[in-house]
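Q: Input protein36.tsv, format and content: TSV, C-alpha atoms and all ligand atoms.
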chain	number	residue	atom	x	y	z
K	1	MET	CA	-52.77	-41.81	-22.74
K	2	ARG	CA	-52.90	-38.16	-23.79
K	3	LEU	CA	-52.13	-35.81	-20.93
K	4	ARG	CA	-53.20	-32.73	-22.90
K	5	GLY	CA	-56.63	-31.76	-21.58
K	6	ALA	CA	-56.65	-34.59	-19.02
K	7	VAL	CA	-57.98	-33.79	-15.53
K	8	ALA	CA	-55.10	-34.66	-13.17
K	9	VAL	CA	-55.46	-34.80	-9.38
K	10	VAL	CA	-52.16	-34.31	-7.53
K	11	THR	CA	-52.07	-34.86	-3.77
K	12	GLY	CA	-49.32	-33.13	-1.81
K	13	ALA	CA	-49.22	-30.45	-4.52
K	14	SER	CA	-48.25	-27.70	-2.07
K	15	SER	CA	-44.63	-28.80	-1.74
K	16	GLY	CA	-41.63	-30.68	-3.14
K	17	ILE	CA	-42.35	-33.51	-5.57
K	18	GLY	CA	-46.06	-32.65	-5.75
K	19	THR	CA	-45.41	-29.03	-6.77
K	20	ALA	CA	-42.82	-30.14	-9.34
K	21	THR	CA	-45.25	-32.75	-10.69
K	22	ALA	CA	-48.00	-30.15	-11.02
K	23	LEU	CA	-45.64	-27.88	-12.98
K	24	ARG	CA	-44.64	-30.71	-15.32
K	25	LEU	CA	-48.23	-31.87	-15.83
K	26	HIS	CA	-49.21	-28.29	-16.57
K	27	GLN	CA	-46.45	-28.15	-19.21
K	28	ALA	CA	-47.89	-31.36	-20.66
K	29	GLY	CA	-51.27	-29.64	-20.99
K	30	ALA	CA	-53.15	-31.30	-18.12
K	31	ARG	CA	-55.93	-29.57	-16.17
K	32	LEU	CA	-54.85	-29.67	-12.55
K	33	VAL	CA	-56.66	-30.40	-9.32
K	34	LEU	CA	-54.19	-29.38	-6.60
K	35	HIS	CA	-54.67	-31.04	-3.21
K	36	GLY	CA	-53.02	-30.34	0.13
K	37	ARG	CA	-53.59	-28.44	3.35
K	38	ASP	CA	-51.54	-25.30	2.73
K	39	THR	CA	-54.06	-23.05	1.01
K	40	ALA	CA	-51.62	-20.15	0.42
K	41	ARG	CA	-49.08	-22.32	-1.39
K	42	LEU	CA	-51.76	-24.16	-3.36
K	43	THR	CA	-53.36	-20.88	-4.43
K	44	ALA	CA	-49.99	-19.52	-5.59
K	45	LEU	CA	-49.42	-22.72	-7.60
K	46	ALA	CA	-52.93	-22.52	-9.05
K	47	GLU	CA	-52.17	-19.00	-10.28
K	48	ARG	CA	-49.05	-20.29	-12.06
K	49	THR	CA	-50.73	-23.32	-13.61
K	50	GLY	CA	-54.40	-22.46	-14.02
K	51	GLY	CA	-55.15	-25.34	-11.65
K	52	ARG	CA	-57.92	-25.54	-9.08
K	53	VAL	CA	-57.39	-25.98	-5.36
K	54	VAL	CA	-59.03	-28.62	-3.18
K	55	THR	CA	-57.91	-28.63	0.44
K	56	GLY	CA	-58.19	-31.29	3.09
K	57	ASP	CA	-56.30	-33.32	5.66
K	58	LEU	CA	-55.54	-36.82	4.39
K	59	ALA	CA	-54.97	-37.98	7.97
K	60	ASP	CA	-58.76	-37.71	8.25
K	61	VAL	CA	-59.38	-40.82	6.19
K	62	ALA	CA	-63.09	-40.81	6.99
K	63	GLY	CA	-63.28	-37.57	4.98
K	64	ILE	CA	-61.95	-39.12	1.77
K	65	PRO	CA	-65.31	-40.10	0.21
K	66	ALA	CA	-66.37	-36.45	0.63
K	67	LEU	CA	-63.11	-35.32	-0.99
K	68	ALA	CA	-63.75	-37.63	-3.94
K	69	GLU	CA	-67.30	-36.31	-4.19
K	70	GLU	CA	-66.03	-32.70	-4.20
K	71	ILE	CA	-63.59	-33.55	-7.02
K	72	ARG	CA	-66.35	-35.34	-8.96
K	73	SER	CA	-68.89	-32.54	-8.58
K	74	ARG	CA	-66.43	-29.71	-9.36
K	75	PHE	CA	-64.51	-31.30	-12.24
K	76	GLY	CA	-66.86	-33.95	-13.66
K	77	THR	CA	-64.15	-36.44	-14.59
K	78	VAL	CA	-60.75	-37.64	-13.44
K	79	ASP	CA	-58.20	-38.99	-15.91
K	80	VAL	CA	-55.04	-39.03	-13.80
K	81	LEU	CA	-54.60	-39.51	-10.06
K	82	VAL	CA	-51.16	-38.89	-8.58
K	83	ASN	CA	-51.04	-40.20	-5.02
K	84	ASN	CA	-48.01	-38.27	-3.87
K	85	ALA	CA	-48.74	-36.79	-0.42
K	86	GLY	CA	-46.74	-38.37	2.35
K	87	VAL	CA	-45.04	-37.87	5.69
K	88	GLY	CA	-41.84	-39.30	7.06
K	89	TRP	CA	-40.93	-40.35	10.57
K	90	ALA	CA	-37.37	-41.11	11.59
K	91	GLY	CA	-36.02	-42.43	14.86
K	92	ARG	CA	-36.15	-45.59	16.90
K	93	PHE	CA	-39.44	-47.43	16.41
K	94	GLY	CA	-39.94	-47.78	20.17
K	95	GLU	CA	-40.09	-44.01	20.46
K	96	MET	CA	-43.12	-43.66	18.21
K	97	THR	CA	-46.37	-42.77	19.91
K	98	ALA	CA	-49.64	-44.43	18.91
K	99	GLN	CA	-50.58	-41.11	17.32
K	100	ASP	CA	-47.36	-41.08	15.24
K	101	VAL	CA	-48.12	-44.62	14.05
K	102	ARG	CA	-51.66	-43.70	13.05
K	103	ARG	CA	-50.57	-40.60	11.13
K	104	VAL	CA	-47.79	-42.38	9.21
K	105	VAL	CA	-50.10	-45.27	8.28
K	106	ASP	CA	-53.09	-43.08	7.44
K	107	VAL	CA	-51.37	-40.41	5.33
K	108	ASN	CA	-48.98	-42.74	3.49
K	109	LEU	CA	-51.12	-45.84	3.02
K	110	THR	CA	-54.78	-45.64	4.00
K	111	ALA	CA	-55.40	-42.26	2.33
K	112	PRO	CA	-54.01	-43.15	-1.12
K	113	VAL	CA	-55.79	-46.52	-1.01
K	114	GLU	CA	-59.09	-44.89	-0.03
K	115	LEU	CA	-58.78	-42.05	-2.55
K	116	THR	CA	-58.03	-44.56	-5.31
K	117	ARG	CA	-61.01	-46.67	-4.24
K	118	ALA	CA	-63.31	-43.65	-4.16
K	119	LEU	CA	-62.22	-42.36	-7.61
K	120	LEU	CA	-61.89	-45.75	-9.34
K	121	PRO	CA	-65.41	-45.72	-10.84
K	122	ASP	CA	-64.64	-42.32	-12.40
K	123	LEU	CA	-61.28	-43.53	-13.74
K	124	LEU	CA	-62.86	-46.70	-15.16
K	125	ASP	CA	-65.39	-44.53	-16.95
K	126	ARG	CA	-62.70	-42.85	-19.04
K	127	PRO	CA	-61.36	-44.15	-22.36
K	128	ALA	CA	-57.87	-44.04	-20.79
K	129	ALA	CA	-56.77	-43.21	-17.26
K	130	SER	CA	-53.82	-43.67	-14.94
K	131	VAL	CA	-52.96	-43.77	-11.26
K	132	VAL	CA	-49.42	-43.05	-10.07
K	133	PHE	CA	-48.23	-43.85	-6.56
K	134	VAL	CA	-45.12	-42.14	-5.21
K	135	THR	CA	-43.57	-44.82	-3.01
K	136	SER	CA	-39.94	-44.86	-1.80
K	137	ILE	CA	-36.73	-46.83	-2.04
K	138	ALA	CA	-37.20	-47.33	1.72
K	139	GLY	CA	-40.14	-49.58	0.90
K	140	ARG	CA	-37.98	-51.78	-1.32
K	141	THR	CA	-34.87	-52.05	0.81
K	142	ALA	CA	-35.99	-51.55	4.45
K	143	VAL	CA	-34.26	-48.79	6.41
K	144	ALA	CA	-33.17	-48.75	10.05
K	145	GLY	CA	-34.74	-45.84	11.89
K	146	GLU	CA	-37.60	-45.73	9.37
K	147	ALA	CA	-39.23	-49.09	10.09
K	148	LEU	CA	-42.86	-48.02	9.86
K	149	TYR	CA	-42.31	-45.58	6.98
K	150	SER	CA	-40.51	-48.35	5.03
K	151	ALA	CA	-43.36	-50.76	5.81
K	152	VAL	CA	-46.16	-48.48	4.65
K	153	LYS	CA	-44.30	-47.58	1.46
K	154	ALA	CA	-43.77	-51.30	0.80
K	155	GLY	CA	-47.48	-51.83	1.39
K	156	LEU	CA	-48.37	-49.09	-1.08
K	157	ASP	CA	-45.96	-50.54	-3.62
K	158	VAL	CA	-47.50	-54.02	-3.45
K	159	PHE	CA	-51.01	-52.59	-3.46
K	160	ALA	CA	-50.18	-50.69	-6.66
K	161	GLU	CA	-48.68	-53.74	-8.38
K	162	SER	CA	-51.62	-55.96	-7.37
K	163	LEU	CA	-54.08	-53.37	-8.65
K	164	ARG	CA	-52.09	-53.10	-11.88
K	165	PHE	CA	-52.56	-56.86	-12.41
K	166	GLU	CA	-56.22	-56.68	-11.45
K	167	LEU	CA	-56.95	-53.83	-13.88
K	168	ALA	CA	-54.75	-55.11	-16.70
K	169	ALA	CA	-57.73	-55.65	-18.99
K	170	SER	CA	-59.18	-52.20	-18.25
K	171	ALA	CA	-58.21	-48.77	-19.56
K	172	VAL	CA	-56.81	-47.76	-16.16
K	173	ASP	CA	-53.05	-47.99	-15.97
K	174	ILE	CA	-51.33	-48.18	-12.58
K	175	GLY	CA	-47.68	-47.41	-11.89
K	176	VAL	CA	-45.26	-46.43	-9.17
K	177	VAL	CA	-42.41	-43.96	-8.93
K	178	VAL	CA	-39.72	-45.06	-6.49
K	179	PRO	CA	-37.55	-42.10	-5.45
K	180	GLY	CA	-34.36	-42.22	-3.47
K	181	VAL	CA	-33.32	-39.10	-1.59
K	182	VAL	CA	-34.99	-35.97	-2.94
K	183	ASP	CA	-34.22	-32.37	-2.09
K	184	THR	CA	-37.53	-31.27	-0.53
K	185	GLU	CA	-38.90	-30.18	2.84
K	186	PHE	CA	-39.65	-33.82	3.65
K	187	PHE	CA	-36.67	-34.17	6.02
K	188	ALA	CA	-37.26	-30.87	7.84
K	189	ARG	CA	-40.92	-31.77	8.26
K	190	ARG	CA	-40.18	-35.16	9.75
K	191	GLY	CA	-37.90	-33.41	12.25
K	192	LYS	CA	-34.67	-35.18	11.27
K	193	PRO	CA	-32.43	-33.77	8.54
K	194	TYR	CA	-30.82	-35.98	5.92
K	195	GLU	CA	-27.24	-36.28	7.08
K	196	ARG	CA	-25.60	-38.96	4.95
K	197	ARG	CA	-22.95	-37.97	2.41
K	198	SER	CA	-24.34	-40.32	-0.20
K	199	PRO	CA	-26.52	-40.75	-2.08
K	200	ARG	CA	-26.77	-37.02	-2.77
K	201	PRO	CA	-30.32	-35.65	-2.90
K	202	ILE	CA	-31.76	-35.25	-6.40
K	203	SER	CA	-34.15	-32.52	-7.55
K	204	ALA	CA	-37.90	-32.82	-7.20
K	205	LEU	CA	-38.26	-32.00	-10.91
K	206	ARG	CA	-36.36	-35.17	-11.80
K	207	VAL	CA	-38.90	-37.19	-9.85
K	208	ALA	CA	-41.72	-35.19	-11.43
K	209	ASP	CA	-40.49	-36.15	-14.90
K	210	ALA	CA	-40.75	-39.80	-13.89
K	211	VAL	CA	-44.26	-39.23	-12.51
K	212	VAL	CA	-45.33	-37.72	-15.83
K	213	ARG	CA	-43.83	-40.66	-17.76
K	214	VAL	CA	-45.76	-43.14	-15.59
K	215	ALA	CA	-48.94	-41.03	-15.77
K	216	ALA	CA	-48.73	-41.17	-19.56
K	217	GLY	CA	-49.19	-44.94	-19.22
K	218	GLY	CA	-47.44	-48.18	-20.04
K	219	ARG	CA	-44.78	-48.11	-17.31
K	220	ALA	CA	-45.19	-50.15	-14.14
K	221	GLU	CA	-42.34	-48.50	-12.25
K	222	GLN	CA	-39.66	-45.87	-12.44
K	223	TYR	CA	-36.74	-45.64	-10.04
K	224	VAL	CA	-35.32	-42.14	-9.63
K	225	PRO	CA	-32.37	-42.26	-9.98
K	226	ARG	CA	-32.34	-45.41	-12.08
K	227	TRP	CA	-29.35	-47.03	-10.36
K	228	LEU	CA	-31.55	-47.63	-7.29
K	229	ARG	CA	-32.77	-50.82	-8.93
K	230	TRP	CA	-29.37	-52.41	-8.25
K	231	PRO	CA	-29.56	-52.58	-4.45
K	232	VAL	CA	-33.10	-53.93	-4.85
K	233	LEU	CA	-31.82	-56.59	-7.24
K	234	VAL	CA	-29.02	-57.55	-4.82
K	235	ARG	CA	-31.56	-57.82	-1.99
K	236	GLY	CA	-33.75	-60.10	-4.10
K	237	MET	CA	-30.95	-62.33	-5.39
K	238	VAL	CA	-28.59	-62.57	-2.41
K	239	PRO	CA	-30.54	-61.42	0.64
K	240	GLY	CA	-27.87	-62.63	3.09
K	241	VAL	CA	-25.20	-60.49	1.41
K	242	TYR	CA	-27.60	-57.56	1.24
K	243	ARG	CA	-28.30	-57.83	4.99
K	244	LEU	CA	-24.62	-57.85	5.81
K	245	LEU	CA	-24.03	-54.75	3.68
K	246	ALA	CA	-27.12	-52.97	5.03
K	247	THR	CA	-26.07	-53.69	8.62
K	248	ARG	CA	-22.56	-52.41	7.89
K	249	PHE	CA	-23.40	-49.37	5.74
K	250	GLY	CA	-27.15	-48.84	6.31
K	251	GLY	CA	-28.75	-46.66	8.96
K	252	SER	CA	-31.42	-44.08	8.70
K	253	GLY	CA	-31.36	-41.30	6.12
K	301	LIG	N1	-38.03	-36.32	-0.22
K	301	LIG	C1	-37.58	-37.55	-0.30
K	301	LIG	O1	-36.36	-37.82	-0.13
K	301	LIG	C2	-38.53	-38.67	-0.65
K	301	LIG	C3	-37.97	-39.92	-0.96
K	301	LIG	C4	-38.80	-40.97	-1.30
K	301	LIG	C5	-40.17	-40.79	-1.32
K	301	LIG	N2	-40.70	-39.58	-1.00
K	301	LIG	C6	-42.15	-39.45	-1.02
K	301	LIG	O2	-42.50	-38.43	-1.92
K	301	LIG	C7	-43.77	-37.88	-1.57
K	301	LIG	C8	-43.68	-36.36	-1.57
K	301	LIG	O3	-42.74	-35.96	-0.59
K	301	LIG	P1	-41.85	-34.63	-0.70
K	301	LIG	O4	-40.44	-35.07	-0.64
K	301	LIG	O5	-42.33	-33.79	-1.80
K	301	LIG	O6	-42.18	-34.01	0.74
K	301	LIG	P2	-42.78	-32.59	1.19
K	301	LIG	O7	-42.06	-31.49	0.47
K	301	LIG	O8	-42.76	-32.62	2.67
K	301	LIG	O9	-44.28	-32.63	0.66
K	301	LIG	C9	-45.24	-33.47	1.27
K	301	LIG	C10	-46.61	-33.11	0.71
K	301	LIG	O10	-47.56	-34.00	1.33
K	301	LIG	C11	-48.65	-33.21	1.82
K	301	LIG	N3	-49.20	-33.76	3.05
K	301	LIG	C12	-48.51	-34.19	4.14
K	301	LIG	N4	-49.37	-34.55	5.11
K	301	LIG	C13	-50.61	-34.30	4.63
K	301	LIG	C14	-51.91	-34.45	5.17
K	301	LIG	N5	-52.11	-34.91	6.42
K	301	LIG	N6	-52.98	-34.11	4.41
K	301	LIG	C15	-52.80	-33.64	3.16
K	301	LIG	N7	-51.59	-33.48	2.58
K	301	LIG	C16	-50.51	-33.81	3.32
K	301	LIG	C17	-48.06	-31.83	2.11
K	301	LIG	O11	-49.11	-30.87	1.94
K	301	LIG	P3	-49.53	-29.78	3.07
K	301	LIG	O12	-48.30	-29.32	3.75
K	301	LIG	O13	-50.22	-28.72	2.27
K	301	LIG	O14	-50.45	-30.52	3.95
K	301	LIG	C18	-47.02	-31.68	1.02
K	301	LIG	O15	-47.57	-31.10	-0.12
K	301	LIG	C19	-44.11	-38.49	-0.21
K	301	LIG	O16	-45.02	-39.54	-0.39
K	301	LIG	C20	-42.78	-39.03	0.29
K	301	LIG	O17	-42.96	-40.12	1.16
K	301	LIG	C21	-39.90	-38.52	-0.67
Go ahead and express the file in the form of C-alpha cells.

A:
Amino acid sequence: MRLRGAVAVVTGASSGIGTATALRLHQAGARLVLHGRDTARLTALAERTGGRVVTGDLADVAGIPALAEEIRSRFGTVDVLVNNAGVGWAGRFGEMTAQDVRRVVDVNLTAPVELTRALLPDLLDRPAASVVFVTSIAGRTAVAGEALYSAVKAGLDVFAESLRFELAASAVDIGVVVPGVVDTEFFARRGKPYERRSPRPISALRVADAVVRVAAGGRAEQYVPRWLRWPVLVRGMVPGVYRLLATRFGGSG
C-alpha cells in the first residue's frame, strides 16, 4: 500500500521504537496520529512531524472504544495501525503482584487486540490498509525471568498471524515485527537494566525501518536483527537441544 498520505496511528509514539517509527513514517509521507501518555514528548514529536496527538492510558482497556471513536471523529479514516506500546516486567514470576500481572497483560495484549477490534471496520473500509504488531523475540523463544512478558508477546504474535489468515481475502494486511534487544528506555522503565554482553542492543531506527516495511504490506513478519530467526528455527526443529542450550546460556535480559 502507499504510505504517502496514509493516516497512520502509532501507539507508544512518545518513546523508543514508537518515536523512531513515527519519524520514519513521516519521512514516507504518512499523516501521523501519535498516541501515548506523555503529552510533552508527544507534542514535541508532533511539532517535528506535523502529526496529531491523542493521549490515553492503554492499561484502561475499557477506554479503548472511546479512543477509537476519538481517532475516527478527528481523522475520519485510518489506513495504518502500529500497535507498538508495551511494558516489560523482569524478575521471578512469583514476585509479581496481581496488579503487575494485570498491567502486563492489559498493555501488551488486551489493548492492542481491543484497539485493532475497534478500528477494524475503519481499516476494512479502505482500499488498502495494514496493521503492524510489535511483538518480541521473547515471545518466540521463552525467557527465564520474563515468563508473563514472553507469554503475552507470544499471544499477540499468534493473534496477529491468525488475523492475517482470517483477513487474507480482504485489503487489510497484518504483520509482526519481532525485535531482539533494542536500545530504548524499555529496560529502565521495567526497573531492571539489560546486563548481558550479547546480543548487543540495536537502534530503535532499525526496528522502525522494519515496521515501515511491514506497514507497506505484503510481509507477515520481520525479525530485527534477521539472525534471530535461527534460534527460533532451532527451537522448532530440535526443541530438546534448544532447551538444553537455553537452560545453559539463557536467563533474563
Ligand atoms: N526495547 C527492547 O529491547 C524491545 C525488545 C522487543 C520488543 N520490544 C517492544 O517494543 C515496543 C516498544 O518498546 P520500546 O523499546 O520503544 O520501549 P519504551 O521506550 O519504554 O516505549 C514504550 C512506549 O509504550 C508506551 N506505553 C507504555 N505503557 C503505556 C500505557 N499504559 N498507555 C499508553 N502507552 C503506554 C509509552 O508511552 P508513555 O510513556 O507516553 O505512556 C512509550 O511510548 C514494546 O511493545 C516492547 O515490548 C522492545

Q: For ligand LIG 301 (chain K), which residue among K:Gly63, K:Pro112, K:Gly175, K:Gly180 is the nearest when counting all atoms listed in the file?

A: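 Smallest separation from ligand LIG 301 (chain K) among the options: K:Gly180.
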
Q: List all protein, DNA and RNA residues that have at least one atom no more than 6 Å from any atom of ligand LIG 301 (chain K), counting only C-alpha atoms and all ligand atoms, and write them as a PDB file with C-alpha atoms, keeping the file's coordinate frame.

A:
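Final output, out-v3.pdb:
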ATOM      1  CA  GLY K  12     -49.320 -33.130  -1.810  1.00  0.00           C
ATOM      2  CA  ALA K  13     -49.220 -30.450  -4.520  1.00  0.00           C
ATOM      3  CA  SER K  14     -48.250 -27.700  -2.070  1.00  0.00           C
ATOM      4  CA  SER K  15     -44.630 -28.800  -1.740  1.00  0.00           C
ATOM      5  CA  GLY K  16     -41.630 -30.680  -3.140  1.00  0.00           C
ATOM      6  CA  ILE K  17     -42.350 -33.510  -5.570  1.00  0.00           C
ATOM      7  CA  GLY K  18     -46.060 -32.650  -5.750  1.00  0.00           C
ATOM      8  CA  GLY K  36     -53.020 -30.340   0.130  1.00  0.00           C
ATOM      9  CA  ARG K  37     -53.590 -28.440   3.350  1.00  0.00           C
ATOM     10  CA  ASP K  38     -51.540 -25.300   2.730  1.00  0.00           C
ATOM     11  CA  GLY K  56     -58.190 -31.290   3.090  1.00  0.00           C
ATOM     12  CA  ASP K  57     -56.300 -33.320   5.660  1.00  0.00           C
ATOM     13  CA  LEU K  58     -55.540 -36.820   4.390  1.00  0.00           C
ATOM     14  CA  ALA K  59     -54.970 -37.980   7.970  1.00  0.00           C
ATOM     15  CA  ASN K  84     -48.010 -38.270  -3.870  1.00  0.00           C
ATOM     16  CA  ALA K  85     -48.740 -36.790  -0.420  1.00  0.00           C
ATOM     17  CA  GLY K  86     -46.740 -38.370   2.350  1.00  0.00           C
ATOM     18  CA  VAL K  87     -45.040 -37.870   5.690  1.00  0.00           C
ATOM     19  CA  VAL K 107     -51.370 -40.410   5.330  1.00  0.00           C
ATOM     20  CA  VAL K 134     -45.120 -42.140  -5.210  1.00  0.00           C
ATOM     21  CA  THR K 135     -43.570 -44.820  -3.010  1.00  0.00           C
ATOM     22  CA  SER K 136     -39.940 -44.860  -1.800  1.00  0.00           C
ATOM     23  CA  PRO K 179     -37.550 -42.100  -5.450  1.00  0.00           C
ATOM     24  CA  GLY K 180     -34.360 -42.220  -3.470  1.00  0.00           C
ATOM     25  CA  VAL K 181     -33.320 -39.100  -1.590  1.00  0.00           C
ATOM     26  CA  VAL K 182     -34.990 -35.970  -2.940  1.00  0.00           C
ATOM     27  CA  ASP K 183     -34.220 -32.370  -2.090  1.00  0.00           C
ATOM     28  CA  THR K 184     -37.530 -31.270  -0.530  1.00  0.00           C
ATOM     29  CA  GLU K 185     -38.900 -30.180   2.840  1.00  0.00           C
ATOM     30  CA  PHE K 186     -39.650 -33.820   3.650  1.00  0.00           C
ATOM     31  CA  ARG K 189     -40.920 -31.770   8.260  1.00  0.00           C
TER      32      ARG K 189
END

Q: Here is a test: counting only C-alpha atoms, which residue of K:Leu228, K:Ala44, K:Leu34, K:Ala147 is nearest to K:Glu95?

A: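 Selected residue with least distance to K:Glu95: K:Ala147.
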
Q: Excluding K:Asp106 and residues on its chain fewer than 4 positions from it, collect all residues at most 7 Å away from it, counting all atoms listed in the file, and give them as an NGL selection string.

A: :K and (59 or 61 or 102 or 110-111)

Q: Which one of K:Ala6, K:Leu123, K:Val212, K:Ala90 sits closest to K:Gly191 if you count only C-alpha atoms?

A: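 Using only C-alpha atoms, K:Gly191 sits closest to K:Ala90.
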
Q: Sort by chain and increasing residue number a table of all residues of stretch 32-143 of chain K within 8 Å of stretch 157-170 of chain K, each with its closest pair of atoms and their distance in Å to one decimal, counting only C-alpha atoms, and write it as a tab-separated table.

A:
residue	atom	partner	partner_atom	distance
K:Leu124	CA	K:Ser170	CA	7.3
K:Phe133	CA	K:Ala160	CA	7.1
K:Thr135	CA	K:Asp157	CA	6.2
K:Gly139	CA	K:Asp157	CA	7.4

Q: Keeping C-alpha atoms, export the residues of the selection given above as a compact mmCIF listing (two decimals), in the coordinates of the input.

A:
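Output contents, as saved in out-v2.txt:
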# COMPACT_ATOMS: atom_id res chain seq x y z
CA LEU K 124 -62.86 -46.70 -15.16
CA PHE K 133 -48.23 -43.85 -6.56
CA THR K 135 -43.57 -44.82 -3.01
CA GLY K 139 -40.14 -49.58 0.90

Q: Which distance in Å separates atom CA of K:Ala8 and atom CA of K:Ala220, to one decimal?

A: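 Separation of atom CA of K:Ala8 and atom CA of K:Ala220: 18.4 Å.
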
Q: Figure out the distance between atom CA of K:Ile137 and atom CA of K:Val177, please, to one decimal in Å.

A: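 Pair atom CA of K:Val177 / atom CA of K:Ile137 returns 9.4 Å.
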
Q: Within 12 Å of K:Val143, counting all atoms listed in the file, which residues show up once you throw out same-chain ones fewer than 6 positions away? Write them as a list in words, please.

A: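 The residues satisfying every condition are Trp89, Ala90, Gly91, Arg92, Phe93, Ser136, Ile137, Tyr149, Ser150, Ala151, Lys153, Ala154, Gly180, Arg243, Ala246, Thr247, Phe249, Gly250, Gly251, Ser252 and Gly253 of chain K.
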
Q: Can you tell me which residues surround K:Arg2 at a distance of at most 10 Å, considering all atoms listed in the file, apart from same-chain residues fewer than 6 positions away, and format the answer as a compact mmCIF listing (two decimals) with C-alpha atoms, in the coordinates of the input?

A:
# COMPACT_ATOMS: atom_id res chain seq x y z
CA ALA K 28 -47.89 -31.36 -20.66
CA GLY K 29 -51.27 -29.64 -20.99
CA ALA K 30 -53.15 -31.30 -18.12
CA ASP K 79 -58.20 -38.99 -15.91
CA ALA K 128 -57.87 -44.04 -20.79
CA ALA K 129 -56.77 -43.21 -17.26
CA ALA K 215 -48.94 -41.03 -15.77
CA ALA K 216 -48.73 -41.17 -19.56
CA GLY K 217 -49.19 -44.94 -19.22

Q: Any idea what's packed within 9 Å of K:Leu120, counting only C-alpha atoms, ignoring anything in its chain fewer than 5 positions away? Could you give it as a list in words?

A: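 Surrounding residues, per the criterion: Leu115, Asp125 and Val172 of chain K.
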